[in-house]
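Okay, work_11.pdb now, which holds PDB, C-alpha atoms and all ligand atoms:
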ATOM      1  CA  MET A   1      14.365   0.050  -3.578
ATOM      2  CA  ALA A   2      12.269   0.686  -6.666
ATOM      3  CA  PRO A   3      11.785   4.330  -7.577
ATOM      4  CA  VAL A   4       8.503   4.683  -9.434
ATOM      5  CA  SER A   5       7.262   7.795 -11.153
ATOM      6  CA  LEU A   6       3.990   8.773 -12.706
ATOM      7  CA  GLU A   7       4.513  11.379 -15.368
ATOM      8  CA  ASP A   8       1.531  13.382 -16.537
ATOM      9  CA  VAL A   9      -0.668  10.352 -15.974
ATOM     10  CA  SER A  10      -4.381  10.451 -16.693
ATOM     11  CA  PHE A  11      -6.725   7.522 -16.249
ATOM     12  CA  ARG A  12     -10.379   6.926 -17.018
ATOM     13  CA  TYR A  13     -12.647   3.951 -16.429
ATOM     14  CA  ARG A  14     -14.545   3.817 -19.724
ATOM     15  CA  ARG A  15     -15.739   7.428 -19.896
ATOM     16  CA  GLN A  16     -15.249   8.421 -16.284
ATOM     17  CA  PRO A  17     -12.016  10.369 -15.733
ATOM     18  CA  VAL A  18     -10.480   9.468 -12.370
ATOM     19  CA  ILE A  19      -6.888  10.739 -12.512
ATOM     20  CA  GLU A  20      -5.944  13.874 -14.438
ATOM     21  CA  ARG A  21      -2.376  14.660 -15.488
ATOM     22  CA  LEU A  22      -0.857  13.525 -12.232
ATOM     23  CA  ASN A  23       2.863  13.639 -11.448
ATOM     24  CA  LEU A  24       4.354  11.714  -8.554
ATOM     25  CA  ALA A  25       7.758  10.229  -7.811
ATOM     26  CA  CYS A  26       7.949   7.752  -4.931
ATOM     27  CA  GLY A  27       9.153   4.320  -3.840
ATOM     28  CA  ASP A  28      12.692   5.484  -3.186
ATOM     29  CA  GLY A  29      12.714   4.967   0.571
ATOM     30  CA  GLY A  30      10.666   5.700   3.640
ATOM     31  CA  VAL A  31       6.941   5.429   4.119
ATOM     32  CA  LEU A  32       4.505   7.364   1.979
ATOM     33  CA  ALA A  33       0.849   7.610   3.043
ATOM     34  CA  LEU A  34      -1.827   8.384   0.518
ATOM     35  CA  LEU A  35      -4.809  10.128   2.078
ATOM     36  CA  GLY A  36      -8.044  11.104   0.400
ATOM     37  CA  PRO A  37     -11.816  10.845   0.587
ATOM     38  CA  ASN A  38     -13.721   7.835  -0.772
ATOM     39  CA  GLY A  39     -13.517   7.694  -4.534
ATOM     40  CA  SER A  40     -10.632  10.177  -4.780
ATOM     41  CA  GLY A  41      -8.602   7.645  -6.794
ATOM     42  CA  LYS A  42      -6.204   6.167  -4.213
ATOM     43  CA  THR A  43      -6.614   2.530  -5.255
ATOM     44  CA  THR A  44      -6.553   3.512  -8.915
ATOM     45  CA  LEU A  45      -3.274   5.352  -8.342
ATOM     46  CA  LEU A  46      -1.752   2.311  -6.614
ATOM     47  CA  LYS A  47      -2.819   0.077  -9.488
ATOM     48  CA  LEU A  48      -1.252   2.484 -11.981
ATOM     49  CA  LEU A  49       2.001   2.442  -9.993
ATOM     50  CA  LEU A  50       2.008  -1.336 -10.075
ATOM     51  CA  GLY A  51       1.123  -1.655 -13.742
ATOM     52  CA  ILE A  52      -2.166  -3.436 -12.942
ATOM     53  CA  LEU A  53      -3.873  -0.571 -14.793
ATOM     54  CA  GLU A  54      -2.375   1.266 -17.748
ATOM     55  CA  PRO A  55      -2.647   5.048 -17.989
ATOM     56  CA  SER A  56      -5.018   6.476 -20.598
ATOM     57  CA  SER A  57      -2.198   8.950 -21.249
ATOM     58  CA  GLY A  58       1.165   9.703 -19.695
ATOM     59  CA  ARG A  59       3.794   7.279 -18.515
ATOM     60  CA  VAL A  60       4.753   5.225 -15.482
ATOM     61  CA  ARG A  61       8.443   4.492 -14.974
ATOM     62  CA  LEU A  62      10.145   2.023 -12.694
ATOM     63  CA  ASP A  63      13.790   2.876 -12.159
ATOM     64  CA  GLY A  64      13.561   5.156 -15.180
ATOM     65  CA  ARG A  65      12.221   2.419 -17.473
ATOM     66  CA  ASP A  66       8.765   2.456 -19.004
ATOM     67  CA  LEU A  67       6.747   0.056 -16.823
ATOM     68  CA  ARG A  68       4.996  -1.455 -19.850
ATOM     69  CA  ARG A  69       8.345  -2.664 -21.168
ATOM     70  CA  ILE A  70       9.236  -4.490 -17.964
ATOM     71  CA  PRO A  71       8.068  -8.116 -17.862
ATOM     72  CA  ALA A  72       5.496  -8.848 -15.145
ATOM     73  CA  ARG A  73       7.812 -11.264 -13.292
ATOM     74  CA  GLU A  74      10.583  -8.686 -13.117
ATOM     75  CA  ARG A  75       8.126  -6.024 -11.953
ATOM     76  CA  ALA A  76       6.891  -8.333  -9.228
ATOM     77  CA  ARG A  77      10.428  -8.833  -7.962
ATOM     78  CA  ARG A  78      10.749  -5.067  -7.496
ATOM     79  CA  LEU A  79       7.272  -4.001  -6.384
ATOM     80  CA  ALA A  80       4.881  -6.034  -4.258
ATOM     81  CA  TYR A  81       1.184  -5.365  -3.864
ATOM     82  CA  VAL A  82      -0.524  -5.998  -0.550
ATOM     83  CA  PRO A  83      -4.233  -5.876  -1.384
ATOM     84  CA  GLN A  84      -7.028  -5.326   1.092
ATOM     85  CA  VAL A  85      -7.665  -8.377   3.210
ATOM     86  CA  HIS A  86      -9.967 -10.820   1.543
ATOM     87  CA  ARG A  87     -11.098 -14.321   2.210
ATOM     88  CA  GLU A  88      -9.565 -16.858  -0.133
ATOM     89  CA  ALA A  89     -12.129 -19.248  -1.524
ATOM     90  CA  PHE A  90      -9.890 -22.217  -0.786
ATOM     91  CA  GLY A  91      -8.481 -23.197   2.546
ATOM     92  CA  TYR A  92      -4.806 -22.769   1.725
ATOM     93  CA  ARG A  93      -2.479 -22.937   4.673
ATOM     94  CA  VAL A  94      -1.066 -19.585   5.716
ATOM     95  CA  PHE A  95       2.328 -20.926   4.652
ATOM     96  CA  ASP A  96       1.037 -21.643   1.127
ATOM     97  CA  VAL A  97      -0.378 -18.123   0.792
ATOM     98  CA  VAL A  98       3.048 -16.717   1.689
ATOM     99  CA  LEU A  99       4.811 -19.194  -0.587
ATOM    100  CA  MET A 100       2.761 -17.830  -3.511
ATOM    101  CA  GLY A 101       4.911 -14.710  -3.181
ATOM    102  CA  ARG A 102       7.755 -16.789  -4.617
ATOM    103  CA  MET A 103       5.926 -17.279  -7.908
ATOM    104  CA  PRO A 104       7.920 -14.585  -9.778
ATOM    105  CA  HIS A 105      11.084 -16.496  -8.838
ATOM    106  CA  SER A 106       9.912 -20.051  -9.350
ATOM    107  CA  GLY A 107      11.398 -22.045 -12.153
ATOM    108  CA  PHE A 108       9.999 -24.205 -14.907
ATOM    109  CA  LEU A 109       6.383 -25.326 -14.265
ATOM    110  CA  GLY A 110       6.289 -22.958 -11.307
ATOM    111  CA  ARG A 111       7.691 -25.472  -8.814
ATOM    112  CA  TYR A 112       8.835 -24.113  -5.506
ATOM    113  CA  GLY A 113      12.250 -25.162  -4.254
ATOM    114  CA  VAL A 114      13.951 -25.370  -0.884
ATOM    115  CA  THR A 115      15.037 -21.724  -1.048
ATOM    116  CA  ASP A 116      11.460 -20.621  -1.782
ATOM    117  CA  ARG A 117      10.201 -22.499   1.272
ATOM    118  CA  ARG A 118      12.965 -21.137   3.446
ATOM    119  CA  LEU A 119      12.243 -17.557   2.367
ATOM    120  CA  ALA A 120       8.501 -18.020   2.921
ATOM    121  CA  GLY A 121       9.243 -19.342   6.427
ATOM    122  CA  GLU A 122      11.560 -16.413   7.152
ATOM    123  CA  ALA A 123       8.948 -13.922   5.974
ATOM    124  CA  LEU A 124       6.391 -15.473   8.356
ATOM    125  CA  GLU A 125       8.853 -15.240  11.245
ATOM    126  CA  ARG A 126       9.706 -11.671  10.398
ATOM    127  CA  LEU A 127       6.044 -10.703  10.713
ATOM    128  CA  GLY A 128       5.788 -12.661  13.958
ATOM    129  CA  ILE A 129       3.288 -15.203  12.633
ATOM    130  CA  GLY A 130       5.464 -18.274  12.214
ATOM    131  CA  HIS A 131       3.144 -20.164  14.577
ATOM    132  CA  LEU A 132       0.277 -19.744  12.075
ATOM    133  CA  ALA A 133       2.074 -21.454   9.192
ATOM    134  CA  GLU A 134      -0.051 -24.610   9.227
ATOM    135  CA  ARG A 135      -3.386 -22.922   9.943
ATOM    136  CA  PRO A 136      -5.923 -22.504   7.122
ATOM    137  CA  TYR A 137      -5.821 -18.905   5.872
ATOM    138  CA  THR A 138      -9.627 -18.838   5.995
ATOM    139  CA  GLU A 139      -9.564 -19.560   9.724
ATOM    140  CA  VAL A 140      -7.174 -16.882  10.996
ATOM    141  CA  SER A 141      -8.294 -13.395  12.004
ATOM    142  CA  GLY A 142      -8.372 -10.354   9.719
ATOM    143  CA  GLY A 143      -5.258  -8.931  11.402
ATOM    144  CA  GLU A 144      -3.398 -12.204  10.946
ATOM    145  CA  ARG A 145      -4.489 -12.408   7.310
ATOM    146  CA  GLN A 146      -3.143  -8.903   6.749
ATOM    147  CA  LEU A 147       0.198  -9.896   8.240
ATOM    148  CA  ALA A 148       0.229 -13.020   6.037
ATOM    149  CA  LEU A 149      -0.305 -10.844   2.950
ATOM    150  CA  ILE A 150       2.609  -8.628   3.993
ATOM    151  CA  ALA A 151       4.722 -11.742   4.581
ATOM    152  CA  ARG A 152       3.800 -12.859   1.052
ATOM    153  CA  ALA A 153       5.025  -9.489  -0.277
ATOM    154  CA  LEU A 154       8.317  -9.903   1.619
ATOM    155  CA  ALA A 155       8.740 -13.445   0.294
ATOM    156  CA  GLN A 156       8.334 -11.947  -3.164
ATOM    157  CA  GLY A 157      11.684 -10.242  -2.594
ATOM    158  CA  ALA A 158      10.476  -6.758  -3.524
ATOM    159  CA  ARG A 159      11.959  -3.854  -1.589
ATOM    160  CA  THR A 160       9.035  -1.551  -2.320
ATOM    161  CA  LEU A 161       5.673  -2.540  -0.860
ATOM    162  CA  VAL A 162       2.407  -1.024  -2.023
ATOM    163  CA  LEU A 163      -0.359  -1.553   0.535
ATOM    164  CA  ASP A 164      -4.036  -0.773   0.034
ATOM    165  CA  GLU A 165      -5.650   0.244   3.343
ATOM    166  CA  PRO A 166      -3.587  -2.192   5.412
ATOM    167  CA  THR A 167      -5.331  -1.249   8.674
ATOM    168  CA  ASN A 168      -8.832  -1.607   7.268
ATOM    169  CA  GLY A 169     -11.045  -3.819   9.405
ATOM    170  CA  LEU A 170      -8.451  -4.295  12.142
ATOM    171  CA  ASP A 171      -9.199  -3.559  15.780
ATOM    172  CA  TYR A 172      -7.305  -0.777  17.518
ATOM    173  CA  GLY A 173      -4.556  -3.038  18.868
ATOM    174  CA  ASN A 174      -3.943  -4.716  15.525
ATOM    175  CA  GLN A 175      -3.915  -1.347  13.762
ATOM    176  CA  GLN A 176      -1.142  -0.202  16.083
ATOM    177  CA  ARG A 177       0.765  -3.469  15.658
ATOM    178  CA  LEU A 178       0.447  -3.199  11.885
ATOM    179  CA  LEU A 179       1.777   0.374  11.948
ATOM    180  CA  ASP A 180       4.695  -0.812  14.097
ATOM    181  CA  ARG A 181       5.444  -3.483  11.495
ATOM    182  CA  LEU A 182       5.501  -0.829   8.761
ATOM    183  CA  ALA A 183       7.869   1.297  10.843
ATOM    184  CA  ARG A 184      10.116  -1.732  11.342
ATOM    185  CA  LEU A 185      10.145  -2.518   7.610
ATOM    186  CA  ARG A 186      11.124   1.065   6.964
ATOM    187  CA  ARG A 187      14.030   0.702   9.410
ATOM    188  CA  ASP A 188      15.059  -2.461   7.558
ATOM    189  CA  GLY A 189      15.349  -0.435   4.355
ATOM    190  CA  TYR A 190      12.014  -1.186   2.719
ATOM    191  CA  SER A 191      10.034   1.507   0.993
ATOM    192  CA  CYS A 192       6.290   1.446   1.732
ATOM    193  CA  ILE A 193       3.429   3.233   0.019
ATOM    194  CA  PHE A 194       0.067   2.814   1.719
ATOM    195  CA  THR A 195      -3.426   4.230   1.495
ATOM    196  CA  THR A 196      -5.388   5.036   4.591
ATOM    197  CA  HIS A 197      -8.554   6.691   5.838
ATOM    198  CA  HIS A 198      -6.819   7.589   9.100
ATOM    199  CA  PRO A 199      -4.859  10.856   9.128
ATOM    200  CA  ASP A 200      -3.451   9.767  12.502
ATOM    201  CA  HIS A 201      -1.932   6.668  10.930
ATOM    202  CA  ALA A 202      -0.284   8.792   8.266
ATOM    203  CA  ARG A 203       1.015  11.084  10.946
ATOM    204  CA  ARG A 204       2.257   8.278  13.096
ATOM    205  CA  VAL A 205       4.228   6.270  10.562
ATOM    206  CA  ALA A 206       4.745   8.197   7.328
ATOM    207  CA  ASP A 207       7.710  10.301   6.268
ATOM    208  CA  ARG A 208       5.687  11.828   3.492
ATOM    209  CA  VAL A 209       1.962  12.312   2.931
ATOM    210  CA  VAL A 210       0.245  12.801  -0.392
ATOM    211  CA  MET A 211      -3.325  14.106  -0.247
ATOM    212  CA  LEU A 212      -5.527  13.191  -3.145
ATOM    213  CA  ARG A 213      -8.827  14.794  -3.995
ATOM    214  CA  ARG A 214     -10.857  14.016  -7.112
ATOM    215  CA  GLY A 215      -7.827  12.467  -8.739
ATOM    216  CA  GLU A 216      -5.534  15.416  -8.096
ATOM    217  CA  ILE A 217      -2.704  15.826  -5.618
ATOM    218  CA  VAL A 218      -3.743  18.729  -3.407
ATOM    219  CA  ARG A 219      -0.911  18.525  -0.844
ATOM    220  CA  ASP A 220       2.379  16.655  -0.710
ATOM    221  CA  GLY A 221       4.699  17.046   2.229
ATOM    222  CA  ALA A 222       5.837  16.072   5.683
ATOM    223  CA  PRO A 223       3.010  14.800   7.927
ATOM    224  CA  GLY A 224       3.782  17.340  10.644
ATOM    225  CA  GLU A 225       3.273  20.124   8.149
ATOM    226  CA  ILE A 226       0.228  19.049   6.197
ATOM    227  CA  VAL A 227      -1.701  16.584   8.375
ATOM    228  CA  THR A 228      -3.029  19.373  10.540
ATOM    229  CA  ALA A 229      -6.585  20.120  11.621
ATOM    230  CA  ALA A 230      -6.885  22.660   8.799
ATOM    231  CA  GLY A 231      -5.252  20.382   6.227
ATOM    232  CA  VAL A 232      -7.464  17.423   7.115
ATOM    233  CA  ALA A 233     -10.617  19.553   7.233
ATOM    234  CA  ALA A 234      -9.868  20.971   3.783
ATOM    235  CA  LEU A 235      -9.220  17.499   2.365
ATOM    236  CA  TYR A 236     -12.480  16.027   3.638
ATOM    237  CA  GLY A 237     -14.611  19.183   3.299
ATOM    238  CA  LEU A 238     -15.075  19.647   7.067
ATOM    239  CA  GLU A 239     -15.189  22.686   9.293
ATOM    240  CA  PRO A 240     -11.688  23.084  10.759
ATOM    241  CA  ASP A 241     -11.386  22.812  14.531
ATOM    242  CA  PRO A 242      -8.576  25.172  15.517
ATOM    243  CA  ALA A 243      -8.310  23.551  18.975
ATOM    244  CA  ALA A 244      -7.684  20.067  17.601
ATOM    245  CA  ASP A 245      -3.975  20.439  16.818
ATOM    246  CA  HIS A 246      -3.242  21.495  20.346
ATOM    247  CA  ALA A 247      -5.730  19.302  22.168
ATOM    248  CA  GLN A 248      -3.456  16.320  22.596
ATOM    249  CA  GLY A 249      -0.024  17.471  21.644
ATOM    250  CA  ASP A 250       1.438  15.687  18.666
ATOM    251  CA  ALA A 251      -0.594  12.546  19.104
ATOM    252  CA  ARG A 252      -3.723  13.727  17.318
ATOM    253  CA  CYS A 253      -4.470  16.316  14.739
ATOM    254  CA  PHE A 254      -8.235  16.249  14.514
ATOM    255  CA  PRO A 255     -11.212  15.282  16.657
TER     256      PRO A 255
HETATM  257  N1  LIG B   1     -13.581  -0.956 -12.017
HETATM  258  C1  LIG B   1     -14.118   0.256 -12.042
HETATM  259  N2  LIG B   1     -14.954   0.630 -13.037
HETATM  260  C2  LIG B   1     -15.486   1.858 -13.088
HETATM  261  N3  LIG B   1     -15.243   2.828 -12.180
HETATM  262  C3  LIG B   1     -14.432   2.523 -11.162
HETATM  263  C4  LIG B   1     -13.824   1.226 -11.030
HETATM  264  N4  LIG B   1     -13.052   1.230  -9.918
HETATM  265  C5  LIG B   1     -13.171   2.456  -9.359
HETATM  266  N5  LIG B   1     -13.996   3.232 -10.104
HETATM  267  C6  LIG B   1     -14.336   4.631  -9.834
HETATM  268  O1  LIG B   1     -13.141   5.402  -9.841
HETATM  269  C7  LIG B   1     -13.156   6.378  -8.804
HETATM  270  C8  LIG B   1     -11.921   6.204  -7.924
HETATM  271  O2  LIG B   1     -12.010   4.950  -7.283
HETATM  272  P1  LIG B   1     -10.852   4.390  -6.333
HETATM  273  O3  LIG B   1     -11.277   3.039  -5.896
HETATM  274  O4  LIG B   1      -9.551   4.543  -7.002
HETATM  275  O5  LIG B   1     -10.950   5.447  -5.142
HETATM  276  P2  LIG B   1     -10.419   5.335  -3.643
HETATM  277  O6  LIG B   1      -9.905   6.694  -3.291
HETATM  278  O7  LIG B   1      -9.493   4.186  -3.511
HETATM  279  O8  LIG B   1     -11.765   5.059  -2.874
HETATM  280  P3  LIG B   1     -12.068   4.368  -1.435
HETATM  281  O9  LIG B   1     -11.395   5.225  -0.406
HETATM  282  O10 LIG B   1     -13.552   4.436  -1.334
HETATM  283  O11 LIG B   1     -11.533   2.966  -1.489
HETATM  284  C9  LIG B   1     -14.478   6.218  -8.076
HETATM  285  O12 LIG B   1     -15.382   7.169  -8.585
HETATM  286  C10 LIG B   1     -14.906   4.814  -8.446
HETATM  287  O13 LIG B   1     -16.308   4.728  -8.458
END
Can you present the structure in this file as structure tokens?
Ligand SMILES: Nc1ncnc2c1ncn2[C@@H]1O[C@H](COP(=O)(O)OP(=O)(O)OP(=O)(O)O)[C@@H](O)[C@H]1O
Amino acid sequence: MAPVSLEDVSFRYRRQPVIERLNLACGDGGVLALLGPNGSGKTTLLKLLLGILEPSSGRVRLDGRDLRRIPARERARRLAYVPQVHREAFGYRVFDVVLMGRMPHSGFLGRYGVTDRRLAGEALERLGIGHLAERPYTEVSGGERQLALIARALAQGARTLVLDEPTNGLDYGNQQRLLDRLARLRRDGYSCIFTTHHPDHARRVADRVVMLRRGEIVRDGAPGEIVTAAGVAALYGLEPDPAADHAQGDARCFP
């Protein structure tokens, strides 16, 4: 587990302020979902947590240590980033994409050893995609690519996974399977932080939901308490539908 905290963090892209004096402690277990409208700063926040971006002011700590003082390889062994699915330009095998997760552990000249290959194979099996190992990454489906990227994060050895819209572009069945995988990782003791545009996904799998609006945390709490019709309507600037919470029991919270 890798507890990460943002302390009074502000961030701007050139002149545009995106995050203002934000405080957040996470990564210490369970699943945290980050919800917010387009452009509210979700991806920026993830990149700050990972040290991909540096705060304009304030501090990010990993296990109490200033993130900037922790070498990139060590950081990568604690925190793994699962980016949005993308097409690699080269036709690496799925296995090779997962093996890349071992880079922070690889020795001199970055050679992979037997243990690296074994761990990459185990990560593929754990995600249920061992049969895809030899297939070109460019030729598997979006859902399978997403699972391969999660397998890469597991191979990396990090116990805290940071996932940017992991269900984006997946069909309904693959979205549900992906959420099941997150729930299983949680049961196995991993900590997951993910962004989503689906309040239902947050409600289904998260222990904690953080709602972000214009770079500020507007709500932070248990999904059952804050991912309600009123909470979601306020976050996205919609008219609340008082019937929605009751329409389908606990399964849905908005139309
Ligand atoms: N590289 C960049 N340079 C300049 N501005 C950027 C850059 N990346 C993001 N922004 C701006 O920062 C703000 C927050 O963007 P960010 O991608 O963090 O939001 P988001 O909540 O993840 O959005 P979405 O849900 O649409 O993916 C937006 O106004 C965006 O236009």
Grab all the atoms of range 215-233 of chain A that the file lists, wrap them in a box along x, y and z, add 6 Å per side, and give me centre plus edge lengths in Å (one decimal) as AutoDock Vina command-line options.
--center_x -2.4 --center_y 17.6 --center_z 1.4 --size_x 28.5 --size_y 22.2 --size_z 32.4
Inset, instruction - Might you pull out every residue within 8 Å of Val210 in chain A, with all atoms listed in the file counted and same-chain residues fewer than 5 positions away left off, and present them as a VMD selection string? - result: chain A and resid 32 to 35 217 to 221
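In this comparison, which uses all atoms listed in the file, the residue of A:Val114, A:Ala2, A:Leu154, A:Val60 approaching Asp188 in chain A most closely is A:Leu154.
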Using only C-alpha atoms and all ligand atoms, tabulate the residues of chain A lying at most 6 Å from any atom of ligand LIG 1 (chain B), each with its closest atom pair and that distance in Å to one decimal, by chain and increasing residue number, as CSV.
residue,atom,partner,partner_atom,distance
A:Tyr13,CA,B:LIG1,C2,4.9
A:Val18,CA,B:LIG1,C7,5.4
A:Pro37,CA,B:LIG1,O9,5.7
A:Asn38,CA,B:LIG1,O10,3.4
A:Gly39,CA,B:LIG1,O5,3.5
A:Ser40,CA,B:LIG1,O6,3.9
A:Gly41,CA,B:LIG1,O4,3.3
A:Lys42,CA,B:LIG1,O6,3.9
A:Thr43,CA,B:LIG1,O7,3.8
A:Thr44,CA,B:LIG1,O4,3.7
Please, could you write that set of residues out with C-alpha atoms as a compact mmCIF listing (two decimals), in the coordinates of the input?
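Once everything was written out, this is out-v8.txt:
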# COMPACT_ATOMS: atom_id res chain seq x y z
CA TYR A 13 -12.65 3.95 -16.43
CA VAL A 18 -10.48 9.47 -12.37
CA PRO A 37 -11.82 10.84 0.59
CA ASN A 38 -13.72 7.84 -0.77
CA GLY A 39 -13.52 7.69 -4.53
CA SER A 40 -10.63 10.18 -4.78
CA GLY A 41 -8.60 7.64 -6.79
CA LYS A 42 -6.20 6.17 -4.21
CA THR A 43 -6.61 2.53 -5.26
CA THR A 44 -6.55 3.51 -8.91
Legend entry - Selection result for the PyMOL selection byres (((chain A and resi 158-168) around 9) and not hetatm) on this file, as a ChimeraX atom specification: /A:1-3,27-29,42-43,46,49-50,75-85,143,146,150,153-157,169-171,174-176,178-179,189-198,201
Inset, instruction - Would you mind listing what lies within 12 Å of Gln16 in chain A as number ranges by chain, with all atoms listed in the file counted and same-chain residues fewer than 4 positions away left out? - result: A: 10-12, 20, 39, 41, 56, 214-215
Inset, instruction - Give me the residues within 6 Å of range 238-240 of chain A as a VMD selection string, counting all atoms listed in the file and dropping any in the same chain fewer than 4 places off. - result: chain A and resid 229 to 230 233
Inset, instruction - Evaluate the PyMOL selection byres (((chain A and resi 97) around 10) and not hetatm) on the structure here and hand back the selected residues as a list in words. - result: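 Written out, the selection comes to Glu88, Gly91, Tyr92, Arg93, Val94, Phe95, Asp96, Val98, Leu99, Met100, Gly101, Arg102, Ala120, Ala133, Pro136, Tyr137, Arg145, Ala148, Leu149, Ala151 and Arg152 of chain A.
Atom pair CA of Arg61 in chain A / CA of Ser5 in chain A has a distance of 5.2 Å (rounded to one decimal).
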Legend entry - Selection: 8 Å around Arg21 in chain A, all atoms listed in the file, excl. self and same-chain fewer than 4 positions, as a ChimeraX atom specification: /A:7-10,58
Inset, instruction - Go ahead and compute the interatomic distance for CA of Val140 in chain A and CA of Glu125 in chain A, in Å to one decimal. - result: 16.1 Å
Legend entry - For CA of Arg59 in chain A and CA of Val209 in chain A, the interatomic separation in Å (one decimal): 22.1 Å
Give me, as a compact mmCIF listing (two decimals) with C-alpha atoms, keeping the file's coordinate frame, all polymer residues having an atom no more than 9 Å from Met103 in chain A, counting all atoms listed in the file and skipping those fewer than 6 positions away in the same chain.
# COMPACT_ATOMS: atom_id res chain seq x y z
CA ARG A 73 7.81 -11.26 -13.29
CA GLY A 110 6.29 -22.96 -11.31
CA ARG A 111 7.69 -25.47 -8.81
CA TYR A 112 8.84 -24.11 -5.51
CA ASP A 116 11.46 -20.62 -1.78
CA GLN A 156 8.33 -11.95 -3.16
Legend entry - From A:Ala206, A:Ala222, A:Ile129, A:Leu212, residue lying nearest Ala234 in chain A [all atoms listed in the file]: A:Leu212
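Distances from A:Glu139, A:Asp241, A:Glu225, A:Asp207 to Gly30 in chain A were compared using all atoms listed in the file, and the smallest one belongs to A:Asp207.
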Legend entry - Nearest-residue call for Thr138 in chain A, choices A:Pro17, A:Leu182, A:Glu122, A:His86, using all atoms listed in the file: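 Going through A:Pro17, A:Leu182, A:Glu122, A:His86 one by one, the smallest distance to Thr138 in chain A is for A:His86.
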Inset, instruction - Determine the nearest neighbour of Leu235 in chain A from the options A:Arg181, A:Thr115, A:Arg203, A:Gly36, counting all atoms listed in the file. - result: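 So, comparing all the options, the nearest one is A:Gly36.
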Is it possible to produce a file of range 3-19 of chain A from this structure, with C-alpha atoms, as a PDB file, in the first residue's frame?
ATOM      1  CA  PRO A   3      -0.420   6.288   1.119  1.00  0.00           C
ATOM      2  CA  VAL A   4      -0.222   9.441  -0.971  1.00  0.00           C
ATOM      3  CA  SER A   5      -1.219  12.897   0.146  1.00  0.00           C
ATOM      4  CA  LEU A   6      -1.623  16.180  -1.624  1.00  0.00           C
ATOM      5  CA  GLU A   7      -1.105  19.043   0.761  1.00  0.00           C
ATOM      6  CA  ASP A   8      -2.334  22.470  -0.246  1.00  0.00           C
ATOM      7  CA  VAL A   9      -1.535  21.647  -3.854  1.00  0.00           C
ATOM      8  CA  SER A  10      -2.143  24.148  -6.627  1.00  0.00           C
ATOM      9  CA  PHE A  11      -1.361  23.534 -10.271  1.00  0.00           C
ATOM     10  CA  ARG A  12      -1.490  25.663 -13.393  1.00  0.00           C
ATOM     11  CA  TYR A  13      -0.764  24.890 -17.028  1.00  0.00           C
ATOM     12  CA  ARG A  14       1.193  27.987 -18.057  1.00  0.00           C
ATOM     13  CA  ARG A  15      -1.235  30.671 -16.875  1.00  0.00           C
ATOM     14  CA  GLN A  16      -4.358  28.576 -16.520  1.00  0.00           C
ATOM     15  CA  PRO A  17      -5.016  27.539 -12.909  1.00  0.00           C
ATOM     16  CA  VAL A  18      -6.496  24.035 -12.783  1.00  0.00           C
ATOM     17  CA  ILE A  19      -6.125  22.898  -9.163  1.00  0.00           C
TER      18      ILE A  19
END
